[in-house]
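Enquirer: Next comes the structure file protein32.cif, holding mmCIF, N, CA and C atoms.
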```cif
data_target
#
loop_
_atom_site.label_atom_id
_atom_site.label_comp_id
_atom_site.auth_asym_id
_atom_site.auth_seq_id
_atom_site.Cartn_x
_atom_site.Cartn_y
_atom_site.Cartn_z
N MET A 511 18.58 -10.51 -3.65
CA MET A 511 17.28 -10.03 -4.07
C MET A 511 17.29 -8.49 -4.08
N LYS A 512 16.77 -7.93 -5.15
CA LYS A 512 16.71 -6.48 -5.25
C LYS A 512 15.64 -5.93 -4.32
N GLU A 513 15.90 -4.75 -3.82
CA GLU A 513 14.95 -4.08 -2.92
C GLU A 513 14.31 -2.93 -3.68
N PHE A 514 13.00 -2.96 -3.79
CA PHE A 514 12.28 -1.96 -4.58
C PHE A 514 11.55 -0.93 -3.73
N MET A 515 11.67 -1.02 -2.42
CA MET A 515 10.91 -0.15 -1.53
C MET A 515 11.61 1.20 -1.38
N PRO A 516 10.90 2.29 -1.69
CA PRO A 516 11.49 3.61 -1.43
C PRO A 516 11.61 3.82 0.09
N GLN A 517 12.57 4.66 0.49
CA GLN A 517 12.77 4.91 1.92
C GLN A 517 12.68 6.40 2.21
N PHE A 518 11.99 6.72 3.30
CA PHE A 518 11.84 8.09 3.76
C PHE A 518 12.98 8.37 4.72
N THR A 519 13.79 9.37 4.39
CA THR A 519 15.02 9.58 5.16
C THR A 519 14.86 10.46 6.39
N THR A 520 13.72 11.14 6.52
CA THR A 520 13.49 11.95 7.72
C THR A 520 12.14 11.55 8.33
N PRO A 521 12.11 10.38 8.94
CA PRO A 521 10.83 9.84 9.40
C PRO A 521 10.19 10.63 10.54
N TYR A 522 8.88 10.49 10.60
CA TYR A 522 8.09 11.02 11.71
C TYR A 522 8.19 10.04 12.88
N SER A 523 7.98 10.54 14.08
CA SER A 523 7.84 9.62 15.21
C SER A 523 6.49 8.93 15.06
N ARG A 524 6.30 7.81 15.75
CA ARG A 524 5.01 7.12 15.69
C ARG A 524 3.87 8.04 16.15
N GLU A 525 4.15 8.81 17.18
CA GLU A 525 3.15 9.73 17.71
C GLU A 525 2.78 10.80 16.67
N GLU A 526 3.79 11.37 16.02
CA GLU A 526 3.52 12.36 14.97
C GLU A 526 2.72 11.75 13.83
N ALA A 527 3.10 10.55 13.42
CA ALA A 527 2.43 9.88 12.30
C ALA A 527 0.98 9.53 12.64
N ARG A 528 0.72 9.18 13.90
CA ARG A 528 -0.65 8.87 14.31
C ARG A 528 -1.56 10.09 14.25
N ARG A 529 -0.98 11.27 14.31
CA ARG A 529 -1.76 12.51 14.24
C ARG A 529 -2.06 12.95 12.81
N ILE A 530 -1.42 12.33 11.85
CA ILE A 530 -1.66 12.68 10.45
C ILE A 530 -3.02 12.15 10.03
N ASP A 531 -3.76 12.97 9.32
CA ASP A 531 -5.08 12.59 8.82
C ASP A 531 -4.99 11.26 8.05
N ALA A 532 -5.95 10.39 8.29
CA ALA A 532 -5.95 9.07 7.64
C ALA A 532 -5.99 9.18 6.13
N GLY A 533 -6.69 10.16 5.60
CA GLY A 533 -6.72 10.37 4.15
C GLY A 533 -5.36 10.74 3.60
N VAL A 534 -4.59 11.49 4.38
CA VAL A 534 -3.23 11.86 3.97
C VAL A 534 -2.33 10.64 4.00
N LEU A 535 -2.47 9.80 5.03
CA LEU A 535 -1.69 8.56 5.07
C LEU A 535 -1.98 7.71 3.83
N ALA A 536 -3.25 7.60 3.45
CA ALA A 536 -3.62 6.81 2.26
C ALA A 536 -3.06 7.45 0.99
N PHE A 537 -3.07 8.77 0.92
CA PHE A 537 -2.52 9.49 -0.23
C PHE A 537 -1.04 9.16 -0.41
N VAL A 538 -0.28 9.21 0.68
CA VAL A 538 1.14 8.89 0.64
C VAL A 538 1.33 7.40 0.33
N GLY A 539 0.53 6.55 0.98
CA GLY A 539 0.64 5.11 0.77
C GLY A 539 0.38 4.71 -0.66
N ASP A 540 -0.56 5.36 -1.31
CA ASP A 540 -0.85 5.07 -2.72
C ASP A 540 0.38 5.37 -3.58
N ALA A 541 1.05 6.48 -3.31
CA ALA A 541 2.24 6.85 -4.06
C ALA A 541 3.38 5.85 -3.82
N VAL A 542 3.57 5.45 -2.57
CA VAL A 542 4.63 4.50 -2.23
C VAL A 542 4.35 3.16 -2.91
N GLN A 543 3.12 2.69 -2.82
CA GLN A 543 2.76 1.42 -3.44
C GLN A 543 2.95 1.49 -4.95
N THR A 544 2.52 2.56 -5.56
CA THR A 544 2.66 2.72 -7.02
C THR A 544 4.12 2.68 -7.43
N LEU A 545 4.97 3.40 -6.70
CA LEU A 545 6.40 3.39 -7.01
C LEU A 545 6.99 1.99 -6.84
N TYR A 546 6.62 1.30 -5.77
CA TYR A 546 7.09 -0.07 -5.54
C TYR A 546 6.69 -0.97 -6.71
N VAL A 547 5.42 -0.96 -7.06
CA VAL A 547 4.91 -1.84 -8.12
C VAL A 547 5.58 -1.51 -9.45
N ARG A 548 5.66 -0.24 -9.80
CA ARG A 548 6.26 0.13 -11.08
C ARG A 548 7.74 -0.25 -11.15
N THR A 549 8.47 -0.01 -10.07
CA THR A 549 9.89 -0.35 -10.05
C THR A 549 10.08 -1.85 -10.17
N ARG A 550 9.29 -2.61 -9.42
CA ARG A 550 9.38 -4.07 -9.45
C ARG A 550 9.06 -4.60 -10.85
N LEU A 551 8.02 -4.08 -11.47
CA LEU A 551 7.65 -4.53 -12.82
C LEU A 551 8.72 -4.16 -13.83
N ALA A 552 9.25 -2.95 -13.75
CA ALA A 552 10.29 -2.52 -14.69
C ALA A 552 11.53 -3.39 -14.58
N ALA A 553 11.87 -3.83 -13.38
CA ALA A 553 13.04 -4.69 -13.18
C ALA A 553 12.78 -6.13 -13.64
N ALA A 554 11.53 -6.58 -13.56
CA ALA A 554 11.22 -7.98 -13.83
C ALA A 554 10.82 -8.27 -15.28
N LEU A 555 10.30 -7.27 -15.96
CA LEU A 555 9.74 -7.51 -17.29
C LEU A 555 10.48 -6.72 -18.35
N ASP A 556 10.70 -7.34 -19.47
CA ASP A 556 11.36 -6.68 -20.60
C ASP A 556 10.29 -6.30 -21.61
N VAL A 557 9.50 -5.27 -21.23
CA VAL A 557 8.42 -4.79 -22.09
C VAL A 557 8.44 -3.27 -22.12
N LYS A 558 7.70 -2.70 -23.05
CA LYS A 558 7.66 -1.24 -23.18
C LYS A 558 6.79 -0.62 -22.09
N SER A 559 6.91 0.70 -21.96
CA SER A 559 6.24 1.40 -20.87
C SER A 559 4.72 1.27 -20.91
N GLY A 560 4.12 1.20 -22.08
CA GLY A 560 2.67 1.03 -22.17
C GLY A 560 2.21 -0.27 -21.54
N ALA A 561 2.96 -1.34 -21.80
CA ALA A 561 2.64 -2.64 -21.20
C ALA A 561 2.88 -2.59 -19.69
N LEU A 562 3.97 -1.94 -19.27
CA LEU A 562 4.23 -1.80 -17.84
C LEU A 562 3.09 -1.06 -17.15
N HIS A 563 2.57 -0.04 -17.80
CA HIS A 563 1.46 0.72 -17.23
C HIS A 563 0.23 -0.18 -17.06
N ARG A 564 -0.06 -0.99 -18.05
CA ARG A 564 -1.22 -1.89 -17.96
C ARG A 564 -1.04 -2.91 -16.84
N TYR A 565 0.15 -3.47 -16.71
CA TYR A 565 0.42 -4.40 -15.62
C TYR A 565 0.28 -3.71 -14.26
N ALA A 566 0.83 -2.51 -14.15
CA ALA A 566 0.76 -1.78 -12.89
C ALA A 566 -0.69 -1.45 -12.53
N ALA A 567 -1.48 -1.09 -13.51
CA ALA A 567 -2.88 -0.74 -13.25
C ALA A 567 -3.65 -1.93 -12.69
N ARG A 568 -3.24 -3.13 -13.02
CA ARG A 568 -3.88 -4.34 -12.48
C ARG A 568 -3.56 -4.54 -11.00
N GLU A 569 -2.45 -3.96 -10.54
CA GLU A 569 -2.02 -4.14 -9.16
C GLU A 569 -2.33 -2.95 -8.27
N VAL A 570 -2.47 -1.78 -8.86
CA VAL A 570 -2.72 -0.57 -8.09
C VAL A 570 -4.14 -0.10 -8.40
N ASN A 571 -5.09 -0.83 -7.88
CA ASN A 571 -6.50 -0.47 -7.97
C ASN A 571 -7.18 -1.03 -6.73
N ALA A 572 -8.37 -0.58 -6.46
CA ALA A 572 -9.03 -0.93 -5.19
C ALA A 572 -9.21 -2.43 -5.02
N THR A 573 -9.61 -3.12 -6.07
CA THR A 573 -9.84 -4.56 -5.95
C THR A 573 -8.54 -5.31 -5.64
N ALA A 574 -7.48 -4.98 -6.36
CA ALA A 574 -6.18 -5.63 -6.13
C ALA A 574 -5.62 -5.26 -4.76
N GLN A 575 -5.80 -4.01 -4.34
CA GLN A 575 -5.30 -3.58 -3.03
C GLN A 575 -6.06 -4.28 -1.91
N ALA A 576 -7.36 -4.49 -2.09
CA ALA A 576 -8.14 -5.21 -1.08
C ALA A 576 -7.65 -6.65 -0.96
N SER A 577 -7.36 -7.27 -2.09
CA SER A 577 -6.82 -8.64 -2.07
C SER A 577 -5.45 -8.67 -1.41
N ALA A 578 -4.63 -7.68 -1.69
CA ALA A 578 -3.29 -7.60 -1.09
C ALA A 578 -3.39 -7.48 0.42
N LEU A 579 -4.31 -6.64 0.90
CA LEU A 579 -4.49 -6.48 2.34
C LEU A 579 -4.91 -7.79 2.98
N LYS A 580 -5.79 -8.51 2.33
CA LYS A 580 -6.27 -9.78 2.89
C LYS A 580 -5.14 -10.79 3.04
N ARG A 581 -4.11 -10.71 2.17
CA ARG A 581 -2.98 -11.63 2.26
C ARG A 581 -2.10 -11.33 3.48
N ILE A 582 -2.14 -10.08 3.97
CA ILE A 582 -1.26 -9.72 5.10
C ILE A 582 -2.01 -9.47 6.40
N GLU A 583 -3.32 -9.42 6.35
CA GLU A 583 -4.12 -9.01 7.52
C GLU A 583 -3.77 -9.79 8.78
N GLY A 584 -3.58 -11.09 8.65
CA GLY A 584 -3.27 -11.93 9.81
C GLY A 584 -1.88 -11.69 10.39
N LEU A 585 -1.04 -10.97 9.67
CA LEU A 585 0.33 -10.69 10.11
C LEU A 585 0.48 -9.34 10.78
N LEU A 586 -0.58 -8.53 10.75
CA LEU A 586 -0.48 -7.17 11.26
C LEU A 586 -0.43 -7.12 12.78
N THR A 587 0.39 -6.21 13.28
CA THR A 587 0.46 -5.97 14.72
C THR A 587 -0.78 -5.19 15.13
N GLU A 588 -0.96 -5.04 16.43
CA GLU A 588 -2.08 -4.25 16.94
C GLU A 588 -2.01 -2.81 16.44
N GLU A 589 -0.83 -2.24 16.49
CA GLU A 589 -0.62 -0.86 16.01
C GLU A 589 -0.98 -0.75 14.53
N GLU A 590 -0.52 -1.70 13.72
CA GLU A 590 -0.80 -1.68 12.28
C GLU A 590 -2.29 -1.85 12.00
N LEU A 591 -2.93 -2.72 12.74
CA LEU A 591 -4.38 -2.91 12.58
C LEU A 591 -5.14 -1.63 12.90
N THR A 592 -4.71 -0.93 13.94
CA THR A 592 -5.34 0.33 14.32
C THR A 592 -5.23 1.35 13.19
N VAL A 593 -4.04 1.47 12.60
CA VAL A 593 -3.84 2.41 11.49
C VAL A 593 -4.68 1.98 10.29
N TYR A 594 -4.67 0.71 9.98
CA TYR A 594 -5.47 0.18 8.86
C TYR A 594 -6.96 0.51 9.05
N LYS A 595 -7.48 0.23 10.24
CA LYS A 595 -8.91 0.45 10.50
C LYS A 595 -9.26 1.94 10.46
N ARG A 596 -8.38 2.77 10.99
CA ARG A 596 -8.64 4.21 10.96
C ARG A 596 -8.66 4.71 9.52
N SER A 597 -7.75 4.24 8.71
CA SER A 597 -7.70 4.66 7.30
C SER A 597 -8.87 4.07 6.52
N ARG A 598 -9.24 2.86 6.84
CA ARG A 598 -10.36 2.20 6.16
C ARG A 598 -11.67 2.93 6.42
N ASN A 599 -11.82 3.45 7.63
CA ASN A 599 -13.08 4.08 8.03
C ASN A 599 -13.10 5.59 7.84
N THR A 600 -12.11 6.14 7.17
CA THR A 600 -12.00 7.59 7.07
C THR A 600 -13.08 8.22 6.19
N HIS A 601 -13.60 7.50 5.22
CA HIS A 601 -14.61 8.05 4.30
C HIS A 601 -16.01 7.76 4.80
N LYS A 602 -16.76 8.79 5.04
CA LYS A 602 -18.15 8.62 5.49
C LYS A 602 -19.05 8.30 4.30
N GLU A 603 -18.98 9.11 3.27
CA GLU A 603 -19.78 8.92 2.06
C GLU A 603 -18.82 8.54 0.94
N THR A 604 -18.70 7.27 0.66
CA THR A 604 -17.75 6.81 -0.34
C THR A 604 -18.46 6.46 -1.63
N VAL A 605 -17.92 6.98 -2.73
CA VAL A 605 -18.41 6.61 -4.05
C VAL A 605 -17.22 6.05 -4.80
N ALA A 606 -17.20 4.75 -4.99
CA ALA A 606 -16.11 4.08 -5.69
C ALA A 606 -16.44 4.00 -7.17
N LYS A 607 -15.50 4.41 -8.03
CA LYS A 607 -15.75 4.44 -9.46
C LYS A 607 -15.64 3.07 -10.11
N HIS A 608 -14.60 2.31 -9.77
CA HIS A 608 -14.34 1.06 -10.47
C HIS A 608 -14.25 -0.16 -9.55
N ALA A 609 -14.81 -0.05 -8.37
CA ALA A 609 -14.78 -1.16 -7.42
C ALA A 609 -15.98 -1.03 -6.50
N ASP A 610 -16.27 -2.11 -5.79
CA ASP A 610 -17.37 -1.97 -4.84
C ASP A 610 -16.88 -1.22 -3.61
N VAL A 611 -17.81 -0.69 -2.85
CA VAL A 611 -17.48 0.18 -1.72
C VAL A 611 -16.64 -0.55 -0.67
N VAL A 612 -16.92 -1.82 -0.43
CA VAL A 612 -16.16 -2.58 0.56
C VAL A 612 -14.69 -2.67 0.14
N ASP A 613 -14.43 -3.05 -1.12
CA ASP A 613 -13.04 -3.12 -1.59
C ASP A 613 -12.37 -1.75 -1.53
N TYR A 614 -13.11 -0.72 -1.87
CA TYR A 614 -12.57 0.63 -1.84
C TYR A 614 -12.13 1.02 -0.43
N LYS A 615 -12.94 0.71 0.55
CA LYS A 615 -12.60 1.03 1.94
C LYS A 615 -11.39 0.21 2.42
N ILE A 616 -11.38 -1.08 2.08
CA ILE A 616 -10.24 -1.93 2.45
C ILE A 616 -8.97 -1.39 1.80
N ALA A 617 -9.08 -1.01 0.52
CA ALA A 617 -7.93 -0.47 -0.20
C ALA A 617 -7.43 0.83 0.45
N SER A 618 -8.35 1.68 0.90
CA SER A 618 -7.95 2.91 1.60
C SER A 618 -7.20 2.57 2.88
N GLY A 619 -7.66 1.55 3.59
CA GLY A 619 -6.97 1.11 4.79
C GLY A 619 -5.57 0.59 4.49
N PHE A 620 -5.45 -0.19 3.41
CA PHE A 620 -4.16 -0.72 2.98
C PHE A 620 -3.20 0.43 2.63
N GLU A 621 -3.70 1.40 1.87
CA GLU A 621 -2.87 2.55 1.50
C GLU A 621 -2.46 3.34 2.75
N GLY A 622 -3.38 3.51 3.69
CA GLY A 622 -3.06 4.22 4.92
C GLY A 622 -1.97 3.53 5.71
N LEU A 623 -2.05 2.21 5.79
CA LEU A 623 -1.02 1.44 6.49
C LEU A 623 0.34 1.60 5.82
N ILE A 624 0.36 1.50 4.50
CA ILE A 624 1.62 1.67 3.76
C ILE A 624 2.17 3.07 3.99
N GLY A 625 1.30 4.08 3.92
CA GLY A 625 1.75 5.45 4.15
C GLY A 625 2.32 5.64 5.55
N TYR A 626 1.66 5.06 6.53
CA TYR A 626 2.12 5.16 7.92
C TYR A 626 3.51 4.53 8.08
N LEU A 627 3.67 3.30 7.61
CA LEU A 627 4.96 2.62 7.75
C LEU A 627 6.06 3.37 7.02
N TYR A 628 5.74 3.92 5.87
CA TYR A 628 6.71 4.71 5.12
C TYR A 628 7.11 5.97 5.89
N LEU A 629 6.12 6.68 6.41
CA LEU A 629 6.40 7.94 7.09
C LEU A 629 7.13 7.78 8.42
N ILE A 630 6.96 6.63 9.08
CA ILE A 630 7.72 6.42 10.32
C ILE A 630 9.10 5.82 10.03
N GLY A 631 9.37 5.57 8.76
CA GLY A 631 10.69 5.07 8.36
C GLY A 631 10.92 3.60 8.64
N ASP A 632 9.85 2.83 8.79
CA ASP A 632 10.00 1.39 9.05
C ASP A 632 10.07 0.63 7.73
N ALA A 633 11.16 0.87 7.00
CA ALA A 633 11.34 0.28 5.67
C ALA A 633 11.37 -1.24 5.71
N GLN A 634 11.94 -1.81 6.77
CA GLN A 634 12.02 -3.27 6.87
C GLN A 634 10.63 -3.88 6.96
N ARG A 635 9.79 -3.36 7.83
CA ARG A 635 8.43 -3.89 7.99
C ARG A 635 7.60 -3.62 6.74
N LEU A 636 7.72 -2.44 6.19
CA LEU A 636 7.00 -2.09 4.97
C LEU A 636 7.37 -3.05 3.84
N SER A 637 8.65 -3.29 3.67
CA SER A 637 9.13 -4.19 2.63
C SER A 637 8.60 -5.61 2.87
N GLU A 638 8.66 -6.06 4.11
CA GLU A 638 8.18 -7.40 4.46
C GLU A 638 6.70 -7.56 4.08
N LEU A 639 5.89 -6.62 4.50
CA LEU A 639 4.45 -6.72 4.24
C LEU A 639 4.11 -6.60 2.77
N ILE A 640 4.74 -5.67 2.08
CA ILE A 640 4.38 -5.45 0.69
C ILE A 640 4.86 -6.60 -0.19
N GLN A 641 5.98 -7.22 0.18
CA GLN A 641 6.44 -8.38 -0.58
C GLN A 641 5.47 -9.55 -0.42
N ILE A 642 4.92 -9.72 0.76
CA ILE A 642 3.93 -10.78 0.97
C ILE A 642 2.63 -10.42 0.25
N ALA A 643 2.24 -9.17 0.32
CA ALA A 643 1.00 -8.72 -0.32
C ALA A 643 1.07 -8.90 -1.84
N TYR A 644 2.24 -8.73 -2.41
CA TYR A 644 2.43 -8.85 -3.86
C TYR A 644 3.39 -9.98 -4.20
N ASP A 645 3.24 -11.09 -3.54
CA ASP A 645 4.15 -12.22 -3.62
C ASP A 645 4.70 -12.53 -5.00
N SER A 646 3.96 -13.17 -5.85
CA SER A 646 4.56 -13.61 -7.12
C SER A 646 3.67 -13.26 -8.31
N ASN A 647 3.01 -12.16 -8.25
CA ASN A 647 2.08 -11.79 -9.33
C ASN A 647 2.73 -10.94 -10.42
N ILE A 648 4.03 -10.95 -10.53
CA ILE A 648 4.70 -10.07 -11.48
C ILE A 648 4.25 -10.35 -12.91
N GLY A 649 3.57 -9.37 -13.46
CA GLY A 649 3.21 -9.41 -14.86
C GLY A 649 2.19 -10.45 -15.26
N LYS A 650 1.50 -11.02 -14.32
CA LYS A 650 0.50 -12.03 -14.67
C LYS A 650 -0.82 -11.33 -15.01
N PRO A 651 -1.45 -11.75 -16.09
CA PRO A 651 -2.73 -11.13 -16.46
C PRO A 651 -3.84 -11.39 -15.48
#
```
In structure tokens, how does this file's structure come out?
Expert:
Amino acid sequence: MKEFMPQFTTPYSREEARRIDAGVLAFVGDAVQTLYVRTRLAAALDVKSGALHRYAAREVNATAQASALKRIEGLLTEEELTVYKRSRNTHKETVAKHADVVDYKIASGFEGLIGYLYLIGDAQRLSELIQIAYDSNIGKP
């Protein structure tokens, strides 16, 4: 099986990563998730880049990210839940453009968790969770 997860080669310690602003964790997590989804789609589908972009947009949005988090929530460790909740609650006044506020907050938590796992260099756990979160939805409308 091909591995699509990018790896951070100079990881932070868990303590250092816990000190990073939750919004920054979500910012990094969004980039990691986007790269994962795009790489996976490019490897699985024989379509042009415009179609790949449309497929990726269906997976990298607040509603899809909230659904992805719900698929893995029961598998999270205490530490992971803490990071997720901190990232989820980071926005006091949230205005979501294309999703409801609840999904937007859950998605921010999901992105924060992905960013945290990436930055601490836990590629194995990150890969495990993201594969479950995005199990078999490759290219499905």
Enquirer: Counting all atoms listed in the file, figure out which residue out of A:Thr600, A:Ser577, A:Ser618, A:Thr519 gets nearest to Tyr644 in chain A.
Expert: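 Using all atoms listed in the file, the shortest distance to Tyr644 in chain A belongs to A:Ser577.
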Enquirer: Assuming the chain letters and numbering stay as they are in my file, what does the PyMOL selection byres (((chain A and resi 639 and name CA) around 12) and name CA) actually select? List them as a ChimeraX atom specification.
Expert: /A:515,543,578-587,590,620,623-624,627-628,632-638,640-645
Enquirer: Would you pick out the contacts of Glu621 in chain A at 9 Å or less, using only C-alpha atoms, so that residues sharing its chain but fewer than 5 positions from it are not included, and give the list as a list in words?
Expert: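 Neighbouring residues, sequence-local ones excluded: Leu535, Ala536, Phe537, Val538, Gly539, Asp540, Ala541, Val542, Gln543, Gln575, Tyr594, Ser597, Arg598, Ile616 and Tyr626 of chain A.
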Enquirer: Near Leu551 in chain A, counting all atoms listed in the file, which residues have an atom at most 8 Å away, once you skip same-chain residues fewer than 2 positions from it, shown as a PyMOL selection string?
Expert: chain A and resi 545-549+553-557+562+565-566+648-649
Enquirer: Identify, with DSSP run on backbone atoms, the residues in chain A assigned to alpha helix (DSSP H), and express the list as number ranges by chain.
Expert: A: 524-528, 532-554, 559-569, 572-582, 588-598, 611-629, 633-643
Enquirer: Have a look at CA of Lys615 in chain A and atom N of Asn599 in chain A and let me know their distance in Å, one decimal.
Expert: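 For CA of Lys615 in chain A relative to atom N of Asn599 in chain A, the distance reads 6.2 Å.
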Enquirer: When you draw a straight line from atom N of Ala567 in chain A to atom C of Gly631 in chain A, how long is it in Å?
Expert: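 These atoms are spaced 25.8 Å apart.
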Enquirer: In Å to one decimal, how far is atom N of Val593 in chain A from atom C of Gly622 in chain A?
Expert: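 Computed distance, atom C of Gly622 in chain A to atom N of Val593 in chain A, equals 7.5 Å.
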Enquirer: Might you spell out which residues the PyMOL selection byres (((chain A and resi 521 and name CA) around 7) and name CA) would select in the displayed file, as a ChimeraX atom specification?
Expert: /A:518-520,522-523,629-631
